[in-house]
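Peer 1: Structure: final24.txt, compact mmCIF, C-alpha atoms and all ligand atoms.
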# COMPACT_ATOMS: atom_id res chain seq x y z
CA MET A 9 8.91 37.75 -4.85
CA ARG A 10 7.80 35.18 -7.41
CA LEU A 11 5.55 35.91 -10.40
CA LEU A 12 3.77 33.40 -12.62
CA HIS A 13 2.88 34.64 -16.11
CA THR A 14 0.32 32.90 -18.35
CA SER A 15 -1.69 34.10 -21.34
CA ASP A 16 -4.10 33.48 -24.21
CA TRP A 17 -6.21 30.74 -22.64
CA HIS A 18 -9.07 31.23 -25.10
CA LEU A 19 -11.60 29.44 -22.88
CA GLY A 20 -14.57 28.34 -24.98
CA HIS A 21 -12.41 27.72 -28.05
CA THR A 22 -13.41 25.08 -30.58
CA LEU A 23 -11.04 23.49 -33.09
CA LYS A 24 -13.04 22.83 -36.27
CA GLU A 25 -16.16 22.56 -34.10
CA VAL A 26 -14.57 20.27 -31.51
CA THR A 27 -14.82 21.76 -28.01
CA ARG A 28 -11.57 22.24 -26.09
CA ASP A 29 -13.22 22.08 -22.63
CA HIS A 30 -11.42 18.84 -21.78
CA GLU A 31 -8.02 20.38 -22.51
CA HIS A 32 -8.83 23.65 -20.76
CA ALA A 33 -10.06 21.81 -17.66
CA ALA A 34 -6.83 19.78 -17.60
CA PHE A 35 -4.74 22.93 -18.03
CA LEU A 36 -6.53 24.76 -15.21
CA ARG A 37 -6.11 21.78 -12.87
CA TRP A 38 -2.42 21.72 -13.76
CA LEU A 39 -2.13 25.49 -13.28
CA LEU A 40 -3.70 25.24 -9.84
CA GLU A 41 -1.27 22.47 -8.84
CA THR A 42 1.58 24.54 -10.25
CA CYS A 43 0.49 27.57 -8.22
CA VAL A 44 0.53 25.40 -5.09
CA ARG A 45 3.90 23.81 -5.88
CA GLU A 46 5.72 26.93 -7.11
CA ALA A 47 4.00 29.23 -4.61
CA PRO A 48 4.09 32.43 -6.69
CA ASP A 49 3.15 35.64 -4.90
CA ALA A 50 1.33 36.89 -7.96
CA LEU A 51 -0.35 35.31 -10.96
CA VAL A 52 -0.74 37.46 -14.07
CA ILE A 53 -2.96 36.56 -17.04
CA THR A 54 -2.24 38.73 -20.08
CA GLY A 55 -5.45 38.63 -22.06
CA ASP A 56 -7.66 36.47 -24.24
CA VAL A 57 -9.04 34.73 -21.18
CA PHE A 58 -11.97 33.81 -23.43
CA ASP A 59 -12.04 32.99 -27.09
CA ALA A 60 -15.05 35.19 -27.78
CA GLY A 61 -16.78 38.26 -26.39
CA THR A 62 -19.81 36.19 -25.45
CA PRO A 63 -18.24 32.94 -24.22
CA PRO A 64 -20.37 29.88 -23.49
CA ALA A 65 -21.51 29.51 -19.88
CA SER A 66 -19.22 26.46 -19.50
CA ALA A 67 -16.21 28.70 -20.23
CA GLU A 68 -17.27 31.40 -17.76
CA ARG A 69 -17.88 28.73 -15.18
CA MET A 70 -14.31 27.40 -15.67
CA TRP A 71 -12.95 30.91 -15.21
CA PHE A 72 -14.82 31.58 -11.96
CA GLU A 73 -14.20 28.09 -10.59
CA PHE A 74 -10.49 28.49 -11.27
CA LEU A 75 -10.39 31.85 -9.48
CA ALA A 76 -12.29 30.42 -6.50
CA ALA A 77 -10.02 27.37 -6.32
CA ALA A 78 -6.92 29.55 -6.58
CA ARG A 79 -8.14 31.80 -3.75
CA ARG A 80 -8.83 28.75 -1.60
CA ALA A 81 -5.49 27.06 -2.35
CA ARG A 82 -3.35 30.21 -2.22
CA PRO A 83 -5.22 32.92 -0.29
CA ALA A 84 -2.28 35.35 -0.33
CA MET A 85 -1.57 35.08 -4.06
CA ASP A 86 -2.56 38.23 -5.98
CA ILE A 87 -4.22 37.60 -9.34
CA VAL A 88 -4.20 40.23 -12.09
CA ALA A 89 -5.88 39.70 -15.47
CA ILE A 90 -6.30 42.03 -18.44
CA ALA A 91 -8.65 41.77 -21.42
CA GLY A 92 -7.23 40.75 -24.79
CA ASN A 93 -8.65 41.48 -28.22
CA HIS A 94 -10.83 38.37 -28.06
CA ASP A 95 -12.40 39.32 -24.72
CA SER A 96 -15.30 41.68 -24.38
CA PRO A 97 -13.86 44.38 -22.06
CA ALA A 98 -17.31 45.08 -20.63
CA ARG A 99 -18.17 41.46 -20.07
CA LEU A 100 -14.80 40.43 -18.63
CA GLY A 101 -14.82 43.53 -16.44
CA ALA A 102 -18.45 43.17 -15.31
CA SER A 103 -17.49 41.06 -12.29
CA SER A 104 -14.39 43.09 -11.40
CA ALA A 105 -15.94 44.86 -8.37
CA VAL A 106 -16.77 41.55 -6.70
CA LEU A 107 -13.49 39.95 -7.69
CA ARG A 108 -11.45 42.90 -6.39
CA GLU A 109 -12.83 42.17 -2.92
CA LEU A 110 -11.30 38.71 -3.28
CA GLY A 111 -7.87 39.98 -4.33
CA VAL A 112 -8.46 39.33 -8.02
CA HIS A 113 -7.91 42.35 -10.28
CA VAL A 114 -9.57 42.16 -13.68
CA ILE A 115 -9.04 45.06 -16.08
CA GLY A 116 -11.51 44.91 -18.98
CA GLY A 117 -11.51 48.30 -20.69
CA LEU A 118 -8.98 50.99 -19.78
CA PRO A 119 -10.53 52.57 -16.66
CA ARG A 120 -10.81 56.34 -16.71
CA LEU A 121 -11.68 58.88 -14.05
CA ASP A 122 -12.51 62.47 -15.05
CA GLY A 123 -10.80 61.99 -18.41
CA SER A 124 -7.52 60.63 -17.03
CA ILE A 125 -6.57 57.00 -16.73
CA ASP A 126 -7.71 55.74 -13.32
CA LEU A 127 -4.28 54.92 -11.92
CA ASP A 128 -5.71 53.44 -8.73
CA ARG A 129 -7.28 50.72 -10.86
CA VAL A 130 -4.40 49.97 -13.25
CA LEU A 131 -1.50 50.26 -10.77
CA ILE A 132 -1.80 47.28 -8.47
CA PRO A 133 0.68 46.59 -5.65
CA VAL A 134 1.32 42.84 -5.32
CA ALA A 135 3.15 40.58 -2.89
CA GLY A 136 2.69 42.92 0.04
CA GLY A 137 4.18 45.80 -1.94
CA GLN A 138 7.26 43.98 -3.29
CA GLY A 139 5.92 44.48 -6.78
CA LEU A 140 3.87 47.08 -8.63
CA VAL A 141 1.84 45.77 -11.56
CA ALA A 142 0.80 48.22 -14.29
CA ALA A 143 -2.10 46.44 -15.98
CA VAL A 144 -2.88 47.84 -19.44
CA PRO A 145 -5.59 45.89 -21.29
CA PHE A 146 -5.85 45.52 -25.04
CA LEU A 147 -6.55 49.07 -26.21
CA ARG A 148 -9.49 49.89 -28.45
CA PRO A 149 -10.34 53.21 -30.13
CA ILE A 150 -12.89 53.87 -27.35
CA ASP A 151 -10.00 53.78 -24.82
CA ILE A 152 -8.38 56.75 -26.59
CA PRO A 153 -11.20 59.33 -26.72
CA VAL A 154 -9.00 62.25 -27.78
CA PRO A 155 -7.10 61.74 -31.05
CA VAL A 156 -3.35 61.60 -30.48
CA GLU A 157 -0.51 60.85 -32.85
CA ASP A 158 0.71 57.73 -31.09
CA PRO A 159 -2.11 56.30 -28.92
CA LEU A 160 -0.10 53.38 -27.53
CA ALA A 161 2.84 55.58 -26.52
CA THR A 162 0.41 58.07 -24.96
CA VAL A 163 -1.42 55.47 -22.85
CA TYR A 164 1.67 53.54 -21.79
CA GLY A 165 3.49 56.84 -21.15
CA GLU A 166 0.70 58.06 -18.83
CA VAL A 167 0.55 54.75 -16.95
CA LEU A 168 4.34 54.52 -16.59
CA ALA A 169 4.63 58.11 -15.38
CA GLY A 170 2.08 57.28 -12.68
CA ALA A 171 3.92 54.08 -11.81
CA ARG A 172 7.27 55.91 -11.42
CA ASP A 173 5.60 58.40 -9.05
CA ARG A 174 4.26 55.66 -6.83
CA ARG A 175 7.02 53.11 -7.08
CA ARG A 176 9.29 52.56 -4.09
CA PRO A 177 13.05 51.94 -4.63
CA GLU A 178 13.07 48.18 -4.10
CA GLN A 179 9.69 47.59 -5.69
CA ALA A 180 9.69 45.60 -8.95
CA LEU A 181 7.80 47.27 -11.79
CA ILE A 182 5.86 44.78 -13.91
CA VAL A 183 3.93 45.92 -16.99
CA LEU A 184 1.10 43.89 -18.53
CA GLY A 185 -0.06 44.32 -22.14
CA HIS A 186 -1.93 42.57 -24.91
CA LEU A 187 -0.54 43.75 -28.23
CA TYR A 188 1.80 42.92 -31.06
CA VAL A 189 5.25 44.31 -30.36
CA THR A 190 7.69 44.93 -33.22
CA GLY A 191 10.44 42.39 -33.05
CA ALA A 192 8.13 39.53 -32.19
CA ASP A 193 8.24 37.00 -35.00
CA PRO A 194 5.27 37.88 -37.24
CA SER A 195 5.31 34.48 -38.93
CA TYR A 196 4.04 33.09 -35.67
CA LEU A 197 1.18 35.54 -35.49
CA SER A 198 -1.97 33.54 -35.99
CA GLU A 199 -3.92 36.39 -34.48
CA ARG A 200 -5.20 39.14 -36.68
CA ARG A 201 -2.99 42.19 -36.47
CA ILE A 202 -3.95 44.73 -33.91
CA SER A 203 -4.33 48.18 -35.30
CA ILE A 204 -5.01 51.33 -33.32
CA GLY A 205 -4.89 54.69 -35.03
CA GLY A 206 -3.26 53.11 -38.06
CA GLN A 207 -0.49 51.48 -36.07
CA GLU A 208 0.08 47.83 -36.84
CA SER A 209 2.47 47.13 -34.02
CA ALA A 210 4.06 48.73 -31.04
CA SER A 211 7.68 49.65 -30.73
CA LEU A 212 9.90 48.25 -28.01
CA ARG A 213 10.39 51.89 -26.99
CA LEU A 214 7.09 51.54 -25.11
CA PHE A 215 9.00 49.54 -22.52
CA PRO A 216 12.02 51.47 -21.17
CA ASP A 217 14.73 49.71 -19.21
CA ASP A 218 13.39 50.78 -15.81
CA ILE A 219 10.60 48.21 -16.20
CA ASP A 220 11.72 44.99 -14.56
CA TYR A 221 9.44 42.60 -16.43
CA VAL A 222 6.99 43.04 -19.31
CA ALA A 223 4.30 40.33 -19.40
CA LEU A 224 2.73 40.20 -22.85
CA GLY A 225 -0.19 38.45 -24.46
CA HIS A 226 -1.41 38.09 -28.07
CA MET A 227 1.31 35.97 -29.71
CA HIS A 228 0.48 32.31 -29.23
CA ARG A 229 4.06 31.13 -29.56
CA ALA A 230 6.00 31.79 -26.36
CA GLN A 231 8.92 34.11 -27.05
CA ARG A 232 11.13 36.87 -25.78
CA VAL A 233 11.13 40.20 -27.57
CA GLY A 234 14.15 42.47 -27.57
CA ARG A 235 15.44 41.70 -24.11
CA ASP A 236 15.11 38.73 -21.80
CA SER A 237 12.56 40.37 -19.55
CA ILE A 238 9.97 41.15 -22.25
CA ARG A 239 8.01 37.99 -22.85
CA TYR A 240 4.99 36.49 -24.49
CA ALA A 241 3.95 33.55 -22.31
CA GLY A 242 2.13 31.98 -25.28
CA ALA A 243 -1.07 29.96 -25.30
CA PRO A 244 -1.46 26.87 -23.08
CA ILE A 245 -2.79 24.75 -25.97
CA ALA A 246 -2.56 24.88 -29.76
CA LEU A 247 -5.39 27.10 -31.00
CA SER A 248 -5.10 26.13 -34.64
CA LEU A 249 -3.54 23.23 -36.53
CA ASP A 250 -0.70 25.59 -37.50
CA GLU A 251 0.23 25.86 -33.83
CA ALA A 252 0.72 22.10 -33.44
CA GLY A 253 4.50 22.43 -33.15
CA TYR A 254 4.49 25.12 -30.44
CA ARG A 255 5.92 24.56 -27.01
CA HIS A 256 3.36 25.56 -24.38
CA GLY A 257 4.33 26.83 -20.97
CA VAL A 258 4.02 29.37 -18.20
CA VAL A 259 6.83 31.72 -17.16
CA VAL A 260 8.05 31.82 -13.57
CA VAL A 261 9.98 34.98 -12.71
CA ASP A 262 11.90 35.40 -9.45
CA PHE A 263 12.74 38.88 -8.17
CA GLU A 264 15.27 39.93 -5.56
CA GLY A 265 15.52 43.45 -4.24
CA GLY A 266 12.99 44.48 -6.88
CA ARG A 267 15.06 43.20 -9.83
CA VAL A 268 14.67 40.01 -11.88
CA ARG A 269 16.97 37.31 -10.55
CA ASP A 270 15.80 34.29 -12.53
CA GLN A 271 13.29 33.29 -15.20
CA ARG A 272 12.23 29.86 -16.32
CA VAL A 273 9.51 28.29 -18.41
CA ILE A 274 7.51 25.36 -17.09
CA ASP A 275 6.08 23.17 -19.84
CA ILE A 276 2.34 22.55 -19.78
CA PRO A 277 1.45 18.88 -20.32
CA GLN A 278 -0.74 18.47 -23.41
CA THR A 279 -3.75 16.19 -23.06
CA VAL A 280 -4.70 15.94 -26.74
CA GLU A 281 -2.15 15.39 -29.45
CA ILE A 282 -2.40 16.81 -32.99
CA VAL A 283 -1.39 14.24 -35.59
CA ARG A 284 -0.75 15.10 -39.21
CA ILE A 285 -0.69 12.42 -41.92
CA PRO A 286 1.74 12.62 -43.56
CA ALA A 287 4.05 14.58 -41.25
CA ARG A 288 4.62 17.07 -44.10
CA GLY A 289 3.45 17.42 -47.67
CA ALA A 290 0.79 15.06 -49.05
CA ALA A 291 0.57 11.27 -49.39
CA PRO A 292 -1.40 8.93 -51.69
CA LEU A 293 -4.62 7.52 -50.26
CA ALA A 294 -3.21 4.02 -49.74
CA GLU A 295 -0.37 5.44 -47.63
CA VAL A 296 -2.81 7.58 -45.67
CA VAL A 297 -5.05 4.58 -44.93
CA ALA A 298 -2.01 2.52 -43.84
CA ALA A 299 -0.86 5.34 -41.53
CA ILE A 300 -4.33 5.61 -40.01
CA SER A 301 -4.38 1.86 -39.32
CA ALA A 302 -1.03 2.22 -37.55
CA LEU A 303 -2.49 4.75 -35.08
CA PRO A 304 -3.00 3.26 -31.62
CA PRO A 305 -6.64 2.23 -31.24
CA ARG A 306 -8.74 3.60 -28.39
CA LEU A 307 -11.18 1.40 -26.55
CA ASP A 308 -13.61 4.21 -25.89
CA ALA A 309 -14.88 5.96 -29.02
CA ASP A 310 -15.87 8.98 -26.88
CA ASP A 311 -12.44 9.31 -25.24
CA PRO A 312 -11.83 13.10 -25.27
CA ALA A 313 -8.07 12.42 -25.42
CA ARG A 314 -8.31 10.98 -28.94
CA PRO A 315 -5.79 12.93 -31.05
CA TYR A 316 -6.90 15.55 -33.55
CA LEU A 317 -6.12 14.35 -37.03
CA GLU A 318 -5.16 16.44 -40.03
CA ILE A 319 -4.87 14.55 -43.31
CA VAL A 320 -3.48 15.73 -46.64
CA VAL A 321 -4.17 13.27 -49.47
CA ALA A 322 -2.49 13.48 -52.85
CA LEU A 323 -4.91 12.42 -55.60
CA ASP A 324 -4.56 12.11 -59.39
CA ARG A 325 -8.25 12.84 -59.79
CA PRO A 326 -11.13 13.63 -57.40
CA GLU A 327 -12.17 10.61 -55.39
CA PRO A 328 -15.86 10.87 -54.45
CA ARG A 329 -15.61 8.22 -51.74
CA LEU A 330 -12.51 9.78 -50.13
CA ARG A 331 -14.12 10.83 -46.85
CA THR A 332 -15.92 7.50 -46.49
CA GLN A 333 -12.68 5.59 -47.07
CA VAL A 334 -10.80 7.70 -44.54
CA GLU A 335 -13.58 7.43 -41.96
CA THR A 336 -13.82 3.66 -42.47
CA ALA A 337 -10.08 3.40 -41.82
CA LEU A 338 -10.49 5.54 -38.69
CA ASP A 339 -13.23 3.26 -37.48
CA GLY A 340 -14.56 6.09 -35.34
CA GLU A 341 -12.17 5.45 -32.52
CA ARG A 342 -8.52 6.02 -33.38
CA ALA A 343 -8.52 9.78 -33.81
CA ARG A 344 -10.80 12.72 -34.53
CA LEU A 345 -10.63 13.87 -38.10
CA VAL A 346 -10.64 17.68 -37.96
CA GLN A 347 -9.17 18.50 -41.37
CA LEU A 348 -9.14 16.56 -44.64
CA HIS A 349 -7.20 18.31 -47.41
CA VAL A 350 -6.82 17.12 -50.97
CA GLN A 351 -3.92 17.98 -53.27
CA LEU A 352 -4.77 17.19 -56.87
CA SER A 353 -1.62 16.14 -58.68
CA GLY A 354 -3.14 14.65 -61.87
CA ASP A 355 -2.46 15.66 -65.46
CA GLY A 356 -3.96 19.07 -64.87
CA ALA A 357 -1.49 20.62 -67.27
CA ALA A 358 -2.23 18.17 -70.08
CA LEU A 359 -5.57 19.66 -71.10
CA GLY A 360 -4.09 23.14 -71.22
CA ASP A 361 -1.21 21.89 -73.34
CA ARG A 362 -3.59 20.30 -75.80
CA VAL A 363 -6.03 23.17 -76.14
CA GLN A 364 -3.22 25.70 -76.38
CA THR A 365 -2.49 24.54 -79.93
CA LYS A 366 -6.03 25.37 -81.08
CA ARG A 367 -7.71 28.70 -81.31
CA LEU A 368 -10.65 29.16 -78.98
CA ALA A 369 -13.16 29.48 -81.83
CA GLU A 370 -12.04 26.12 -83.24
CA LEU A 371 -12.77 24.24 -80.01
CA ASP A 372 -15.81 22.01 -79.91
CA PRO A 373 -17.48 22.34 -76.49
CA ARG A 374 -18.20 18.58 -76.55
CA ASP A 375 -14.46 17.83 -76.94
CA VAL A 376 -13.58 20.19 -74.10
CA PHE A 377 -16.21 18.58 -71.89
CA ALA A 378 -14.97 15.08 -72.76
CA GLN A 379 -11.37 16.02 -71.92
CA LEU A 380 -12.35 17.71 -68.66
CA TRP A 381 -14.45 14.70 -67.68
CA ALA A 382 -11.56 12.33 -68.38
CA ARG A 383 -9.30 14.39 -66.13
CA SER A 384 -11.49 13.65 -63.12
CA HIS A 385 -13.18 10.31 -63.85
CA ALA A 386 -12.02 6.87 -64.82
CA ASP A 387 -15.23 5.94 -66.71
CA PRO A 388 -16.87 7.84 -69.58
CA PRO A 389 -19.87 10.04 -68.69
CA SER A 390 -23.20 8.23 -68.34
CA ALA A 391 -26.10 8.84 -70.71
CA ALA A 392 -27.74 11.03 -68.05
CA VAL A 393 -24.66 13.27 -67.74
CA THR A 394 -24.22 13.50 -71.53
CA GLY A 395 -27.91 14.35 -71.88
CA ALA A 396 -27.67 17.06 -69.21
CA PHE A 397 -24.60 18.54 -70.93
CA GLU A 398 -26.40 18.59 -74.30
CA ARG A 399 -29.39 20.38 -72.75
CA LEU A 400 -27.06 22.94 -71.13
CA LEU A 401 -25.20 23.44 -74.40
CA ALA A 402 -28.44 23.96 -76.31
CA GLU A 403 -29.52 26.45 -73.65
CA VAL A 404 -26.39 28.62 -73.85
CA GLN A 405 -25.98 28.37 -77.64
CA GLY A 406 -29.55 29.02 -78.67
CA ASP A 407 -32.81 30.09 -77.18
CA LEU A 408 -31.56 33.59 -76.39
CA ASP A 409 -34.50 34.97 -78.33
CA ASP A 410 -36.76 33.58 -75.61
CA PRO A 411 -37.66 36.95 -73.98
CA GLU A 412 -37.82 35.55 -70.45
CA ARG A 413 -34.39 33.96 -70.75
CA ALA A 414 -32.87 37.01 -72.44
CA ALA A 415 -34.05 39.12 -69.53
CA LYS A 416 -32.34 36.79 -67.07
CA VAL A 417 -29.08 36.79 -69.02
CA SER A 418 -28.89 40.58 -69.09
MN MN A 501 -4.90 35.20 -28.36
Could the structure of this file be written out as structure tokens, please?
Ligand SMILES: [Mn+2]

Peer 2:
Amino acid sequence: MRLLHTSDWHLGHTLKEVTRDHEHAAFLRWLLETCVREAPDALVITGDVFDAGTPPASAERMWFEFLAAARRARPAMDIVAIAGNHDSPARLGASSAVLRELGVHVIGGLPRLDGSIDLDRVLIPVAGGQGLVAAVPFLRPIDIPVPVEDPLATVYGEVLAGARDRRRPEQALIVLGHLYVTGADPSYLSERRISIGGQESASLRLFPDDIDYVALGHMHRAQRVGRDSIRYAGAPIALSLDEAGYRHGVVVVDFEGGRVRDQRVIDIPQTVEIVRIPARGAAPLAEVVAAISALPPRLDADDPARPYLEIVVALDRPEPRLRTQVETALDGERARLVQLHVQLSGDGAALGDRVQTKRLAELDPRDVFAQLWARSHADPPSAAVTGAFERLLAEVQGDLDDPERAAKVS
């Protein structure tokens, strides 16, 4: 039996208001080809199918078109998907009755029947019975109606007990979850922490050794946790600029006699690059402009494959025409500017050093203003600015006996 594990698609995602539809479409085409080439018996998707609870129609369309194409290309391949914390359990699960008829199992909220977990829904035999998938979605307080000390252990315990009852000797047991497991590297957690009943993360004890493979979602960086067979597949594309250095892939797991025989990661080709100028730290504007000019030009300004560009400029003082200068250098076609950071490195300390030697009461507001202005501007303030400052100064120093103004100040 062969299993393909993928996660955290976040369909409908935008990076600083730029839609990712082009990248998601490319990923889903690649995934379909990969399913044909690798011929897995089961495809599991471990949550965050969508980026938001109410995804745009274009994202839902991609989801359903992928499922339809996968059924057509690989009619015998079982598909199991669970909701993540970004998905609306109700919305993701709304189509589950129809999809189940097509061999696609979507678990939105934790299904219950007469108070107990509906094991017929969450325990799904795959590959003609060679595998048993226990599909536990991201758990919300509503999924645990009766207060218990350790909600995650209670739910996983109940599901696993049911799975052990039903499991046949040579049947692989595969558990799906969308949660933060202790031992996963928290510095890679760009997701907000999941907290149920005060718990920040789940212990590895949730997954005893009799589980053959644990397919996890939530962490966007692909990684193993604890043992080789507990894995986050990771996201197929970078979902924030911080994730630019991640390796994106899907996990292929081969089973023999119900046990894992081999695991490998297949890299997902990236269609849009994230470029940072400079590669680390900050650079002066002239260097930034030179680096932009060195980017390969694109003939088509609307080319969706133009790289995302993050720029960090080091400035001595604020530069009002910064964005214009950067955009002129970009010429609208080399890359898409998604983030422009400024690091002010001027003589910020100098003013503090100077005023430190005087007592506050001795300071003349006009001197302080003049020094502050000089910190940020090459030329002295214009008559209009000086006039405005004088009016402001007069307003705060006097005129407090004006009843209307006094009322506002209090
Ligand atoms: Mn996610």

Peer 1: Go through A:Ala392, A:Ile53, A:Ile282, A:Ala252 one by one, measure the shortest atom-to-atom distance of each to ligand MN 501 (chain A) using only C-alpha atoms and all ligand atoms, and give the residue with the smallest value.

Peer 2: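 Of the candidates, the smallest distance to ligand MN 501 (chain A) is held by A:Ile53.
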
Peer 1: May I ask which of the residues A:Glu318, A:Ser15, A:Gly137, A:Leu36 is the closest one to Phe74 (chain A), counting all atoms listed in the file?

Peer 2: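 That would be A:Leu36, the residue with the smallest distance to Phe74 (chain A).
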
Peer 1: May I ask you to write as a PyMOL selection string all residues lying at most 12 Å from ligand MN 501 (chain A), with all atoms listed in the file counted?

Peer 2: chain A and resi 14-19+21+53-60+91-95+146+186-188+196-202+224-230+240-248+251

Peer 1: Those selected residues, please, written with C-alpha atoms and delivered as an mmCIF file, in the frame of the given file.

Peer 2:
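Result written to result_31.cif:
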data_model
loop_
_atom_site.group_PDB
_atom_site.id
_atom_site.type_symbol
_atom_site.label_atom_id
_atom_site.label_comp_id
_atom_site.auth_asym_id
_atom_site.auth_seq_id
_atom_site.Cartn_x
_atom_site.Cartn_y
_atom_site.Cartn_z
ATOM 1 C CA THR A 14 0.320 32.900 -18.350
ATOM 2 C CA SER A 15 -1.690 34.100 -21.340
ATOM 3 C CA ASP A 16 -4.100 33.480 -24.210
ATOM 4 C CA TRP A 17 -6.210 30.740 -22.640
ATOM 5 C CA HIS A 18 -9.070 31.230 -25.100
ATOM 6 C CA LEU A 19 -11.600 29.440 -22.880
ATOM 7 C CA HIS A 21 -12.410 27.720 -28.050
ATOM 8 C CA ILE A 53 -2.960 36.560 -17.040
ATOM 9 C CA THR A 54 -2.240 38.730 -20.080
ATOM 10 C CA GLY A 55 -5.450 38.630 -22.060
ATOM 11 C CA ASP A 56 -7.660 36.470 -24.240
ATOM 12 C CA VAL A 57 -9.040 34.730 -21.180
ATOM 13 C CA PHE A 58 -11.970 33.810 -23.430
ATOM 14 C CA ASP A 59 -12.040 32.990 -27.090
ATOM 15 C CA ALA A 60 -15.050 35.190 -27.780
ATOM 16 C CA ALA A 91 -8.650 41.770 -21.420
ATOM 17 C CA GLY A 92 -7.230 40.750 -24.790
ATOM 18 C CA ASN A 93 -8.650 41.480 -28.220
ATOM 19 C CA HIS A 94 -10.830 38.370 -28.060
ATOM 20 C CA ASP A 95 -12.400 39.320 -24.720
ATOM 21 C CA PHE A 146 -5.850 45.520 -25.040
ATOM 22 C CA HIS A 186 -1.930 42.570 -24.910
ATOM 23 C CA LEU A 187 -0.540 43.750 -28.230
ATOM 24 C CA TYR A 188 1.800 42.920 -31.060
ATOM 25 C CA TYR A 196 4.040 33.090 -35.670
ATOM 26 C CA LEU A 197 1.180 35.540 -35.490
ATOM 27 C CA SER A 198 -1.970 33.540 -35.990
ATOM 28 C CA GLU A 199 -3.920 36.390 -34.480
ATOM 29 C CA ARG A 200 -5.200 39.140 -36.680
ATOM 30 C CA ARG A 201 -2.990 42.190 -36.470
ATOM 31 C CA ILE A 202 -3.950 44.730 -33.910
ATOM 32 C CA LEU A 224 2.730 40.200 -22.850
ATOM 33 C CA GLY A 225 -0.190 38.450 -24.460
ATOM 34 C CA HIS A 226 -1.410 38.090 -28.070
ATOM 35 C CA MET A 227 1.310 35.970 -29.710
ATOM 36 C CA HIS A 228 0.480 32.310 -29.230
ATOM 37 C CA ARG A 229 4.060 31.130 -29.560
ATOM 38 C CA ALA A 230 6.000 31.790 -26.360
ATOM 39 C CA TYR A 240 4.990 36.490 -24.490
ATOM 40 C CA ALA A 241 3.950 33.550 -22.310
ATOM 41 C CA GLY A 242 2.130 31.980 -25.280
ATOM 42 C CA ALA A 243 -1.070 29.960 -25.300
ATOM 43 C CA PRO A 244 -1.460 26.870 -23.080
ATOM 44 C CA ILE A 245 -2.790 24.750 -25.970
ATOM 45 C CA ALA A 246 -2.560 24.880 -29.760
ATOM 46 C CA LEU A 247 -5.390 27.100 -31.000
ATOM 47 C CA SER A 248 -5.100 26.130 -34.640
ATOM 48 C CA GLU A 251 0.230 25.860 -33.830
#

Peer 1: If you count only C-alpha atoms, which residues fall within 12 Å of region 118-131 of chain A, apart from same-chain ones fewer than 5 positions away, as a PyMOL selection string?

Peer 2: chain A and resi 88-92+97-98+101+104-105+108+112-113+137+139-154+162-175+181-185

Peer 1: Show me, as a PDB file with C-alpha atoms, in the coordinates of the input, the residues that have an atom within 9 Å of Gln351 (chain A) when counting all atoms listed in the file, minus same-chain residues fewer than 5 positions from it.

Peer 2:
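Final file, selection13.pdb:
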ATOM      1  CA  ALA A 290       0.790  15.060 -49.050  1.00  0.00           C
ATOM      2  CA  ALA A 291       0.570  11.270 -49.390  1.00  0.00           C
ATOM      3  CA  VAL A 320      -3.480  15.730 -46.640  1.00  0.00           C
ATOM      4  CA  VAL A 321      -4.170  13.270 -49.470  1.00  0.00           C
ATOM      5  CA  ALA A 322      -2.490  13.480 -52.850  1.00  0.00           C
ATOM      6  CA  LEU A 323      -4.910  12.420 -55.600  1.00  0.00           C
ATOM      7  CA  ASP A 324      -4.560  12.110 -59.390  1.00  0.00           C
TER       8      ASP A 324
END

Peer 1: How far is it from CA of Arg288 (chain A) to CA of Arg342 (chain A), in Å with one decimal?

Peer 2: 20.2 Å

Peer 1: In Å, rounded to a single decimal, give me how far CA of Ser384 (chain A) is from CA of Leu338 (chain A).

Peer 2: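 Computing the Euclidean distance for CA of Leu338 (chain A) and CA of Ser384 (chain A) yields 25.8 Å.
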
Peer 1: Please report the interatomic distance between CA of Ser301 (chain A) and CA of Gly289 (chain A) in Å with one decimal.

Peer 2: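 Interatomic distance here is 19.3 Å.
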
Peer 1: Env of Pro305 (chain A): 12 Å cut, atoms = all atoms listed in the file, seq-sep filter 6 positions within chain, self excluded. Answer as a list of chain:residue names.

Peer 2: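 Final neighbour list, sorted by chain and number: A:Asp311, A:Ala313, A:Arg314, A:Pro315, A:Ala337, A:Leu338, A:Asp339, A:Gly340, A:Glu341, A:Arg342, A:Ala343, A:Arg344.
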
Peer 1: Report, as lines of an AutoDock Vina configuration file, the centre and edge lengths in Å (one decimal) of the axis-aligned box enclosing every listed atom of region 28-43 of chain A, padded by 6 Å on each side.

Peer 2:
center_x = -5.8
center_y = 23.2
center_z = -17.2
size_x = 26.8
size_y = 20.7
size_z = 29.9

Peer 1: Need the shell around Pro312 (chain A): protein/DNA/RNA residues with any atom at most 10 Å away, counting all atoms listed in the file. Skip same-chain ones fewer than 5 positions apart. Format as a list of chain:residue names?

Peer 2: A:Val26, A:Thr27, A:Arg28, A:Asp29, A:His30, A:Glu31, A:Thr279, A:Val280, A:Ala343, A:Arg344

Peer 1: Selection from above, C-alpha atoms, as a tab-separated table (two decimals), keeping the file's coordinate frame, can you write it?

Peer 2:
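As a result, result-v6.tsv now contains:
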chain	number	residue	atom	x	y	z
A	26	VAL	CA	-14.57	20.27	-31.51
A	27	THR	CA	-14.82	21.76	-28.01
A	28	ARG	CA	-11.57	22.24	-26.09
A	29	ASP	CA	-13.22	22.08	-22.63
A	30	HIS	CA	-11.42	18.84	-21.78
A	31	GLU	CA	-8.02	20.38	-22.51
A	279	THR	CA	-3.75	16.19	-23.06
A	280	VAL	CA	-4.70	15.94	-26.74
A	343	ALA	CA	-8.52	9.78	-33.81
A	344	ARG	CA	-10.80	12.72	-34.53
